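To be precise, the following lines are input_20.txt, and they hold compact mmCIF, C-alpha atoms.
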# COMPACT_ATOMS: atom_id res chain seq x y z
CA MET A 1 23.32 -20.66 12.55
CA LYS A 2 23.25 -17.10 11.25
CA LYS A 3 21.79 -17.77 7.80
CA THR A 4 21.26 -21.53 7.46
CA ILE A 5 18.62 -21.93 10.20
CA PRO A 6 16.47 -18.96 9.01
CA LEU A 7 16.75 -20.39 5.50
CA LEU A 8 15.65 -23.82 6.74
CA ILE A 9 12.73 -22.23 8.61
CA VAL A 10 11.56 -20.63 5.35
CA ILE A 11 12.01 -23.79 3.28
CA VAL A 12 10.43 -26.26 5.75
CA GLY A 13 7.71 -23.81 6.84
CA GLY A 14 7.05 -22.86 3.22
CA ILE A 15 6.54 -26.50 2.24
CA ILE A 16 4.10 -26.92 5.14
CA TRP A 17 2.24 -23.83 3.83
CA VAL A 18 2.07 -25.40 0.35
CA LEU A 19 0.57 -28.54 1.90
CA TRP A 20 -1.84 -26.38 3.92
CA ALA A 21 -3.13 -24.82 0.70
CA PHE A 22 -3.84 -28.24 -0.83
CA SER A 23 -4.86 -30.47 2.06
CA PRO A 24 -7.86 -30.14 4.39
CA HIS A 25 -6.11 -32.40 6.96
CA TYR A 26 -6.76 -31.58 10.64
CA LEU A 27 -3.03 -31.34 11.42
CA LEU A 28 -2.53 -28.66 8.77
CA GLN A 29 -5.76 -26.68 9.06
CA GLU A 30 -6.29 -26.81 12.80
CA VAL A 31 -2.98 -27.60 14.51
CA PHE A 32 -0.59 -25.80 12.17
CA TYR A 33 -2.74 -22.87 11.01
CA ASN A 34 -5.24 -22.11 13.78
CA LYS A 35 -3.29 -23.24 16.86
CA PHE A 36 0.28 -22.46 15.82
CA TYR A 37 0.74 -19.97 12.98
CA LEU A 38 -2.10 -17.49 13.63
CA PRO A 39 -1.45 -16.91 17.37
CA TRP A 40 2.30 -16.89 16.86
CA SER A 41 2.19 -14.37 14.02
CA TYR A 42 -0.23 -12.12 15.95
CA ALA A 43 2.01 -12.30 19.03
CA SER A 44 5.18 -11.40 17.12
CA ALA A 45 3.65 -8.75 14.81
CA PRO A 46 3.38 -5.78 17.24
CA PHE A 47 7.16 -5.73 17.65
CA ALA A 48 7.59 -5.04 13.94
CA MET A 49 5.72 -1.77 14.59
CA LEU A 50 8.28 -0.95 17.30
CA LEU A 51 11.01 -1.53 14.73
CA GLY A 52 9.42 1.12 12.54
CA VAL A 53 9.13 3.54 15.48
CA MET A 54 12.78 2.98 16.40
CA SER A 55 13.95 3.34 12.81
CA LEU A 56 12.16 6.67 12.23
CA SER A 57 13.12 8.03 15.66
CA MET A 58 16.79 7.14 15.11
CA MET A 59 16.75 8.74 11.68
CA HIS A 60 15.30 12.00 13.00
CA SER A 61 17.50 12.13 16.12
CA ASN A 62 20.57 11.60 13.93
CA LYS A 63 19.35 14.38 11.67
CA ILE A 64 19.11 16.72 14.66
CA LYS A 65 22.51 15.63 16.03
CA ARG A 66 24.28 16.13 12.69
CA ARG A 67 22.43 19.38 12.03
CA ALA A 68 21.49 17.95 8.63
CA PRO A 69 19.55 20.18 6.19
CA LYS A 70 16.05 20.99 7.52
CA TRP A 71 16.90 19.36 10.88
CA GLN A 72 14.64 21.78 12.75
CA TYR A 73 11.53 20.14 11.28
CA SER A 74 12.45 16.82 12.91
CA TYR A 75 11.24 18.34 16.20
CA PHE A 76 7.76 18.52 14.67
CA PHE A 77 7.98 14.80 13.92
CA PHE A 78 8.79 14.06 17.57
CA ALA A 79 6.12 16.49 18.79
CA GLY A 80 3.44 14.86 16.61
CA PHE A 81 4.51 11.34 17.52
CA ILE A 82 4.87 11.85 21.28
CA ILE A 83 1.67 13.89 21.73
CA THR A 84 -0.44 11.43 19.69
CA ALA A 85 1.06 8.39 21.43
CA LEU A 86 0.56 9.91 24.89
CA ALA A 87 -2.98 11.00 24.00
CA GLY A 88 -3.78 7.44 22.93
CA PHE A 89 -2.08 5.64 25.81
CA ILE A 90 -3.30 7.95 28.56
CA GLY A 91 -6.59 9.30 27.24
CA GLY A 92 -7.73 6.23 25.27
CA THR A 93 -8.83 5.85 21.67
CA GLN A 94 -12.54 6.54 22.10
CA LYS A 95 -14.33 9.23 20.08
CA GLY A 96 -14.33 12.60 21.80
CA GLY A 97 -10.84 12.15 23.26
CA VAL A 98 -7.67 14.05 22.33
CA PHE A 99 -6.36 11.09 20.32
CA MET A 100 -9.35 10.96 17.97
CA TRP A 101 -9.52 14.76 17.86
CA MET A 102 -5.94 14.82 16.56
CA PHE A 103 -6.79 12.14 14.03
CA GLU A 104 -9.91 13.89 12.76
CA ASN A 105 -8.60 17.46 12.75
CA MET A 106 -4.92 17.02 11.97
CA GLN A 107 -4.04 13.65 10.48
CA MET A 108 -7.11 13.22 8.26
CA PRO A 109 -7.18 16.75 6.73
CA MET A 110 -3.43 16.67 6.11
CA SER A 111 -3.35 13.23 4.47
CA ALA A 112 -6.45 13.99 2.34
CA THR A 113 -4.88 17.27 1.22
CA MET A 114 -1.58 15.51 0.50
CA PHE A 115 -3.38 13.07 -1.81
CA SER A 116 -5.46 15.83 -3.40
CA LEU A 117 -2.21 17.64 -4.32
CA LEU A 118 -1.61 14.77 -6.71
CA ALA A 119 -4.51 16.05 -8.85
CA PHE A 120 -2.36 19.07 -9.78
CA TYR A 121 0.74 17.01 -10.47
CA MET A 122 -1.24 14.54 -12.55
CA ALA A 123 -2.63 17.43 -14.59
CA SER A 124 0.91 18.61 -15.28
CA ALA A 125 1.97 15.03 -16.15
CA ALA A 126 -0.96 14.82 -18.58
CA TYR A 127 0.13 18.07 -20.16
CA LYS A 128 3.67 16.71 -20.63
CA ALA A 129 2.31 13.46 -22.08
CA PHE A 130 0.13 15.43 -24.49
CA ARG A 131 3.15 17.42 -25.60
CA ALA A 132 4.85 14.16 -26.56
CA ARG A 133 2.35 14.09 -29.47
CA SER A 134 2.84 10.43 -30.23
CA PRO A 135 -0.18 8.38 -31.33
CA GLU A 136 0.16 6.22 -28.18
CA ALA A 137 0.06 9.30 -25.90
CA THR A 138 -3.01 10.56 -27.79
CA VAL A 139 -4.85 7.25 -27.33
CA LEU A 140 -3.97 7.28 -23.62
CA LEU A 141 -5.26 10.82 -23.20
CA VAL A 142 -8.44 10.27 -25.20
CA ALA A 143 -9.26 7.21 -23.05
CA ALA A 144 -8.50 9.19 -19.89
CA ILE A 145 -10.63 12.17 -20.96
CA VAL A 146 -13.58 9.96 -21.92
CA VAL A 147 -13.43 8.10 -18.58
CA MET A 148 -13.11 11.38 -16.65
CA LEU A 149 -15.90 13.19 -18.48
CA ALA A 150 -18.25 10.24 -18.10
CA GLN A 151 -18.06 10.58 -14.32
CA VAL A 152 -19.21 14.21 -14.16
CA PRO A 153 -22.54 15.82 -15.19
CA LEU A 154 -20.71 17.80 -17.89
CA GLY A 155 -20.03 14.52 -19.72
CA MET A 156 -23.74 13.81 -20.04
CA LYS A 157 -24.29 17.33 -21.38
CA ILE A 158 -21.61 16.86 -24.07
CA SER A 159 -23.04 13.54 -25.22
CA LYS A 160 -25.48 11.09 -23.69
CA HIS A 161 -23.40 8.26 -25.18
CA LEU A 162 -20.27 9.21 -23.20
CA PRO A 163 -21.04 7.01 -20.13
CA THR A 164 -21.69 4.03 -22.45
CA ILE A 165 -18.39 4.58 -24.28
CA SER A 166 -16.57 4.97 -20.97
CA GLN A 167 -18.09 1.75 -19.65
CA TRP A 168 -17.10 -0.05 -22.88
CA ILE A 169 -13.50 1.20 -22.49
CA LEU A 170 -13.43 -0.09 -18.92
CA ASP A 171 -15.11 -3.41 -19.74
CA VAL A 172 -13.32 -4.36 -22.98
CA PRO A 173 -9.87 -2.93 -23.84
CA ASN A 174 -9.08 -2.03 -20.23
CA LEU A 175 -10.09 -5.52 -19.05
CA ALA A 176 -7.99 -7.21 -21.76
CA SER A 177 -4.90 -5.14 -20.95
CA LYS A 178 -5.29 -5.58 -17.19
CA ARG A 179 -5.80 -9.33 -17.63
CA GLY A 180 -2.68 -9.64 -19.77
CA ILE A 181 -0.64 -7.65 -17.25
CA MET A 182 -2.17 -9.59 -14.34
CA LEU A 183 -1.16 -12.90 -15.95
CA GLY A 184 2.40 -11.62 -16.38
CA VAL A 185 2.53 -10.32 -12.81
CA GLY A 186 1.08 -13.62 -11.54
CA LEU A 187 3.70 -15.69 -13.35
CA GLY A 188 6.45 -13.38 -12.07
CA SER A 189 5.28 -13.46 -8.45
CA VAL A 190 4.86 -17.25 -8.48
CA ALA A 191 8.38 -17.61 -9.92
CA THR A 192 9.77 -15.29 -7.20
CA SER A 193 7.88 -17.19 -4.48
CA LEU A 194 9.31 -20.48 -5.79
CA LYS A 195 12.82 -18.99 -5.77
CA ILE A 196 12.36 -18.00 -2.11
CA LEU A 197 10.87 -21.39 -1.26
CA LEU A 198 13.77 -23.26 -2.85
CA GLY A 199 16.39 -21.05 -1.20
CA ILE A 200 17.60 -19.49 -4.48
CA GLU A 201 16.43 -15.99 -3.58
CA ARG A 202 17.91 -14.98 -0.20
CA SER A 203 18.03 -11.19 -0.35
CA TYR A 204 15.33 -10.91 2.36
CA LEU A 205 17.92 -12.26 4.85
CA GLY A 206 20.02 -9.14 4.34
CA GLY A 207 23.73 -8.84 3.81
CA GLY A 208 26.61 -9.92 6.06
CA ASP A 209 27.35 -13.36 7.49
CA MET B 1 -15.32 30.58 19.62
CA SER B 2 -17.03 27.18 19.74
CA PHE B 3 -15.07 23.94 20.03
CA GLU B 4 -16.27 22.83 16.57
CA MET B 5 -15.08 26.06 15.02
CA MET B 6 -11.71 25.82 16.70
CA SER B 7 -11.34 22.22 15.46
CA ASN B 8 -12.24 23.30 11.93
CA LEU B 9 -9.75 26.16 12.08
CA VAL B 10 -6.99 23.73 13.08
CA GLY B 11 -7.94 21.46 10.16
CA ALA B 12 -8.08 24.46 7.80
CA PHE B 13 -4.66 25.69 8.95
CA PHE B 14 -3.00 22.34 8.24
CA THR B 15 -4.91 21.98 4.95
CA LEU B 16 -3.56 25.35 3.82
CA CYS B 17 -0.06 24.42 5.04
CA ILE B 18 -0.07 21.40 2.72
CA PHE B 19 -1.65 23.35 -0.17
CA SER B 20 1.10 25.97 0.19
CA PHE B 21 3.45 23.47 -1.49
CA LEU B 22 1.70 24.31 -4.77
CA TYR B 23 3.43 27.68 -4.62
CA LYS B 24 6.81 26.30 -3.56
CA ASP B 25 8.51 24.30 -0.83
CA ASN B 26 8.21 26.39 2.36
CA PRO B 27 8.56 26.08 6.17
CA PHE B 28 4.80 25.69 6.70
CA TYR B 29 4.67 22.71 4.36
CA GLN B 30 7.80 21.17 5.91
CA MET B 31 6.34 21.56 9.37
CA ALA B 32 2.99 20.03 8.39
CA GLU B 33 4.70 17.18 6.52
CA GLN B 34 6.82 16.14 9.52
CA LEU B 35 3.88 16.58 11.86
CA LEU B 36 1.78 14.31 9.62
CA VAL B 37 4.45 11.59 9.70
CA GLY B 38 4.74 11.88 13.49
CA ILE B 39 0.98 11.82 14.11
CA SER B 40 0.52 8.88 11.71
CA LEU B 41 3.27 6.93 13.48
CA GLY B 42 1.80 7.71 16.90
CA TYR B 43 -1.66 6.69 15.66
CA GLY B 44 -0.28 3.43 14.26
CA LEU B 45 1.61 2.67 17.47
CA VAL B 46 -1.42 3.21 19.70
CA LEU B 47 -3.69 1.13 17.45
CA THR B 48 -1.12 -1.68 17.27
CA TYR B 49 -0.89 -1.63 21.06
CA THR B 50 -4.64 -1.62 21.70
CA ARG B 51 -5.77 -3.88 18.86
CA VAL B 52 -2.87 -6.34 18.53
CA PHE B 53 -0.57 -6.28 21.56
CA ILE B 54 -3.29 -6.27 24.24
CA PRO B 55 -5.60 -8.96 22.77
CA TYR B 56 -2.93 -11.24 21.26
CA VAL B 57 0.08 -10.84 23.59
CA TYR B 58 -0.84 -9.34 26.97
CA GLN B 59 -4.24 -10.97 27.57
CA PRO B 60 -3.31 -14.53 26.47
CA ILE B 61 0.01 -14.55 28.37
CA ILE B 62 -0.78 -12.55 31.52
CA LEU B 63 -4.50 -13.18 32.00
CA LYS B 64 -5.01 -16.61 30.36
CA HIS B 65 -1.55 -17.98 31.23
CA GLN B 66 -0.86 -19.28 27.73
CA TRP B 67 2.85 -19.27 28.48
CA VAL B 68 3.79 -20.77 25.12
CA LEU B 69 3.06 -17.39 23.51
CA ILE B 70 6.13 -15.98 25.27
CA PHE B 71 8.18 -17.62 22.50
CA PRO B 72 6.60 -15.69 19.59
CA ALA B 73 6.78 -12.53 21.72
CA ILE B 74 10.52 -13.09 22.14
CA LEU B 75 10.72 -13.93 18.44
CA GLY B 76 9.07 -10.58 17.71
CA MET B 77 11.50 -8.76 20.01
CA LEU B 78 14.34 -10.12 17.89
CA TYR B 79 13.18 -7.66 15.19
CA LEU B 80 14.58 -4.89 17.38
CA LEU B 81 18.10 -6.36 17.19
CA ARG B 82 18.18 -5.23 13.57
CA PHE B 83 20.09 -2.16 14.74
CA SER B 84 22.75 -4.13 16.65
CA ARG B 85 25.98 -4.80 14.76
CA LYS B 86 26.81 -7.94 16.76
CA LEU B 87 23.34 -9.44 17.18
CA GLY B 88 21.69 -8.09 14.03
CA TRP B 89 21.64 -11.57 12.49
CA LEU B 90 19.06 -12.67 15.10
CA SER B 91 16.48 -10.41 13.41
CA ARG B 92 16.52 -12.90 10.51
CA TYR B 93 14.51 -15.36 12.64
CA PRO B 94 11.26 -13.35 12.85
CA ILE B 95 11.71 -12.35 9.19
CA ALA B 96 12.10 -16.05 8.26
CA PHE B 97 8.99 -16.87 10.32
CA SER B 98 6.89 -14.36 8.40
CA MET B 99 8.45 -15.37 5.07
CA MET B 100 7.23 -18.94 5.58
CA ALA B 101 3.81 -17.83 4.33
CA VAL B 102 5.34 -17.41 0.87
CA GLY B 103 4.71 -21.16 0.52
CA ALA B 104 0.96 -20.51 0.48
CA SER B 105 1.35 -17.80 -2.15
CA VAL B 106 2.61 -20.35 -4.71
CA PRO B 107 -0.61 -22.41 -5.08
CA MET B 108 -2.88 -19.50 -4.19
CA GLY B 109 -1.07 -17.14 -6.58
CA ILE B 110 -1.30 -19.70 -9.39
CA HIS B 111 -5.01 -20.04 -8.70
CA ALA B 112 -5.95 -16.37 -8.32
CA THR B 113 -3.72 -14.61 -10.83
CA ILE B 114 -3.17 -17.30 -13.47
CA LEU B 115 -5.83 -20.03 -13.55
CA VAL B 116 -8.85 -17.84 -12.80
CA GLN B 117 -7.71 -15.18 -15.27
CA MET B 118 -7.05 -17.80 -17.96
CA ARG B 119 -10.45 -19.41 -17.38
CA GLN B 120 -12.15 -16.01 -17.70
CA ALA B 121 -10.17 -15.26 -20.87
CA MET B 122 -11.15 -18.55 -22.52
CA VAL B 123 -14.94 -18.35 -22.27
CA PRO B 124 -16.88 -19.19 -25.48
CA ILE B 125 -16.52 -16.23 -27.84
CA GLU B 126 -20.20 -15.42 -28.31
CA THR B 127 -20.00 -11.65 -28.78
CA PHE B 128 -17.65 -9.26 -30.57
CA ASN B 129 -16.59 -7.75 -27.23
CA LEU B 130 -15.52 -11.18 -25.95
CA PHE B 131 -13.50 -11.61 -29.16
CA LEU B 132 -11.81 -8.22 -28.57
CA ILE B 133 -11.02 -9.16 -24.96
CA PHE B 134 -9.53 -12.52 -26.03
CA ILE B 135 -7.38 -11.01 -28.82
CA GLY B 136 -6.31 -8.14 -26.54
CA THR B 137 -5.22 -10.46 -23.72
CA ILE B 138 -3.12 -12.59 -26.12
CA ALA B 139 -1.59 -9.48 -27.74
CA VAL B 140 -0.69 -7.93 -24.36
CA LEU B 141 0.87 -11.19 -23.18
CA LEU B 142 2.91 -11.53 -26.39
CA TYR B 143 4.07 -7.91 -26.08
CA PHE B 144 6.08 -9.02 -23.03
CA PHE B 145 7.44 -12.15 -24.75
CA PHE B 146 10.91 -11.15 -25.87
CA SER B 147 12.23 -14.52 -27.11
CA LYS B 148 10.86 -13.76 -30.59
CA ALA B 149 11.65 -10.54 -32.44
CA HIS B 150 8.67 -8.18 -32.77
CA THR B 151 8.81 -8.02 -36.58
CA GLY B 152 6.56 -8.77 -39.55
CA VAL B 153 2.96 -9.88 -39.06
CA TYR B 154 3.80 -11.08 -35.54
CA GLY B 155 5.24 -7.65 -34.72
CA LYS B 156 2.08 -5.92 -35.99
CA PHE B 157 -0.11 -8.21 -33.88
CA VAL B 158 2.08 -7.63 -30.81
CA ASP B 159 1.91 -3.89 -31.45
CA PHE B 160 -1.84 -4.26 -31.07
CA GLY B 161 -1.18 -5.19 -27.42
CA LYS B 162 0.56 -1.86 -26.90
CA TRP B 163 -2.57 0.00 -28.04
CA TYR B 164 -4.71 -2.04 -25.68
CA MET B 165 -2.36 -1.17 -22.83
CA MET B 166 -2.43 2.53 -23.71
CA ILE B 167 -6.23 2.51 -23.50
CA GLY B 168 -6.01 0.57 -20.20
CA PHE B 169 -3.46 3.00 -18.76
CA GLY B 170 -5.57 5.92 -19.94
CA ALA B 171 -8.63 4.51 -18.18
CA SER B 172 -6.63 3.92 -14.98
CA PHE B 173 -5.18 7.42 -15.25
CA GLY B 174 -8.65 8.92 -15.68
CA LEU B 175 -10.07 7.02 -12.70
CA THR B 176 -7.11 7.99 -10.50
CA VAL B 177 -7.37 11.66 -11.50
CA MET B 178 -11.08 11.63 -10.68
CA ALA B 179 -10.38 10.05 -7.28
CA ARG B 180 -7.80 12.75 -6.51
CA ILE B 181 -10.11 15.49 -7.79
CA SER B 182 -12.93 14.24 -5.55
CA LEU B 183 -10.49 14.52 -2.62
CA LEU B 184 -9.60 18.03 -3.75
CA ILE B 185 -13.29 18.96 -3.98
CA GLY B 186 -13.74 17.53 -0.48
CA ARG B 187 -10.95 19.72 0.89
CA ILE B 188 -12.27 22.83 -0.87
CA GLN B 189 -15.81 22.10 0.38
CA PHE B 190 -14.37 21.79 3.89
CA LEU B 191 -12.62 25.15 3.59
CA VAL B 192 -15.60 26.92 2.04
CA ASN B 193 -18.55 25.34 3.87
CA ASP B 194 -17.20 24.12 7.22
CA VAL B 195 -14.69 26.87 7.91
CA LEU B 196 -15.88 29.99 6.07
CA GLY B 197 -19.51 28.97 6.69
CA LEU B 198 -18.96 28.92 10.45
CA LEU B 199 -16.94 32.13 10.41
CA LYS B 200 -19.77 34.08 8.71

What does the file become when written as structure tokens?
Amino acid sequence: MKKTIPLLIVIVGGIIWVLWAFSPHYLLQEVFYNKFYLPWSYASAPFAMLLGVMSLSMMHSNKIKRRAPKWQYSYFFFAGFIITALAGFIGGTQKGGVFMWMFENMQMPMSATMFSLLAFYMASAAYKAFRARSPEATVLLVAAIVVMLAQVPLGMKISKHLPTISQWILDVPNLASKRGIMLGVGLGSVATSLKILLGIERSYLGGGD
Amino acid sequence: MSFEMMSNLVGAFFTLCIFSFLYKDNPFYQMAEQLLVGISLGYGLVLTYTRVFIPYVYQPIILKHQWVLIFPAILGMLYLLRFSRKLGWLSRYPIAFSMMAVGASVPMGIHATILVQMRQAMVPIETFNLFLIFIGTIAVLLYFFFSKAHTGVYGKFVDFGKWYMMIGFGASFGLTVMARISLLIGRIQFLVNDVLGLLK
């Protein structure tokens, strides 16, 4: 009951999904997929979001209760969450409202800046890689520099052939390496999916009884 | 002070709060970081409510009387029992329902990531570049084949795959750096043009 039925749901449902991928039969395409699975998955999905909300809220409230390091900042989490949620639920999500204003002037600048910070950390990572002074690290850096320079006007000023070389790197060695890795990843993911489908891999059910 | 200028100043303040991490971890960064998580969660919750809950749960059940959809809604609510010690096992049911789709990923995964890639790798070798791509793909694949020792001529060929991967990683690294730098330029342009430009 606790583990066997969920396991059976995955195995039986998984086999139906395999059949769905191969057969254009009405029962599979229309009854199973369009009339059963799609509406059911859409109807159950929003509650997964609530799980995330509960999980983060519990984590931060516990942090405040236990006076864990940097607990004071958890109030900012609650402030941001509650104000945005109220703005959206009460004021609506249309442009010009408080909700979209918060998104455009707080969420968007902060997340863009957060990602742009990575430019600095990547530069320091490149420096460390260059210090390794191995032939492999040199090849990696040369490829990176060529690709980077080819995307800015300075690259064209250094050499007019730079964009062509960069495109060749992307189209030939890069494609071969990505294809090799993709084939390996594909084989691995299919093997993992088969393990789940056959009930060998059960870690997604969690621990306990 | 105009509304646009005030909005830009708010954006500039939070941009600088995040940038302050470049100096060292500080209260402004911590505050902005937690605020960002909270706002993102609130944004996600509101969008899930308006774009998923209302059209796919509320409207079909309450307005169109499709009572059968109460079952998946209850199934979804079982997710929330994850935190209960006694009834936590019930949350396995919605997880199992979503995991069913893994069945489709077997044939579709074989098609998209294996068969299509193999077909593209085995086109007639008409140019030198196609030859390089073919050899490179084989060498990269063999690099991850550990049932045979990477020694001798085989080892040298397999080593070739490592060089291909280094060039590939370098190209990916370069493209990622450029994407991040364009974001950085965007933020600096915002600070210089939109904020300082309005303040002048």

Checklist line | Residue hits in chain B, query chain A, radius 6 Å, all atoms listed in the file, as a ChimeraX atom specification | finding: /B:11,15,31,34-36,38-39,42,46,53,56-57,72-73,76-77,80,89,92-93,96,100,102-104,106,113-114,133,136-137,140-141,164-168,170-171,173-174,177,180-181,183-184

Notebook entry, point to check: How many Å lie between CA of Thr176 (chain B) and CA of Pro163 (chain A), rounded to one decimal?
Noted result: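 Interatomic distance, CA of Thr176 (chain B) to CA of Pro163 (chain A): 17.0 Å.
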
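The two atoms in question, CA of His161 (chain A) and CA of Leu130 (chain B), are spaced 21.0 Å apart.
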
Notebook entry, point to check: How far is it from CA of Ala179 (chain B) to CA of Ser7 (chain B), in Å with one decimal?
Noted result: 25.8 Å

Taking all listed atoms of region 193-198 of chain A, build the axis-aligned box, pad each of the six sides by 5 Å, then write its centre and edge lengths in Å to one decimal as AutoDock Vina command-line options.
--center_x 10.8 --center_y -20.2 --center_z -3.5 --size_x 15.9 --size_y 16.1 --size_z 14.5
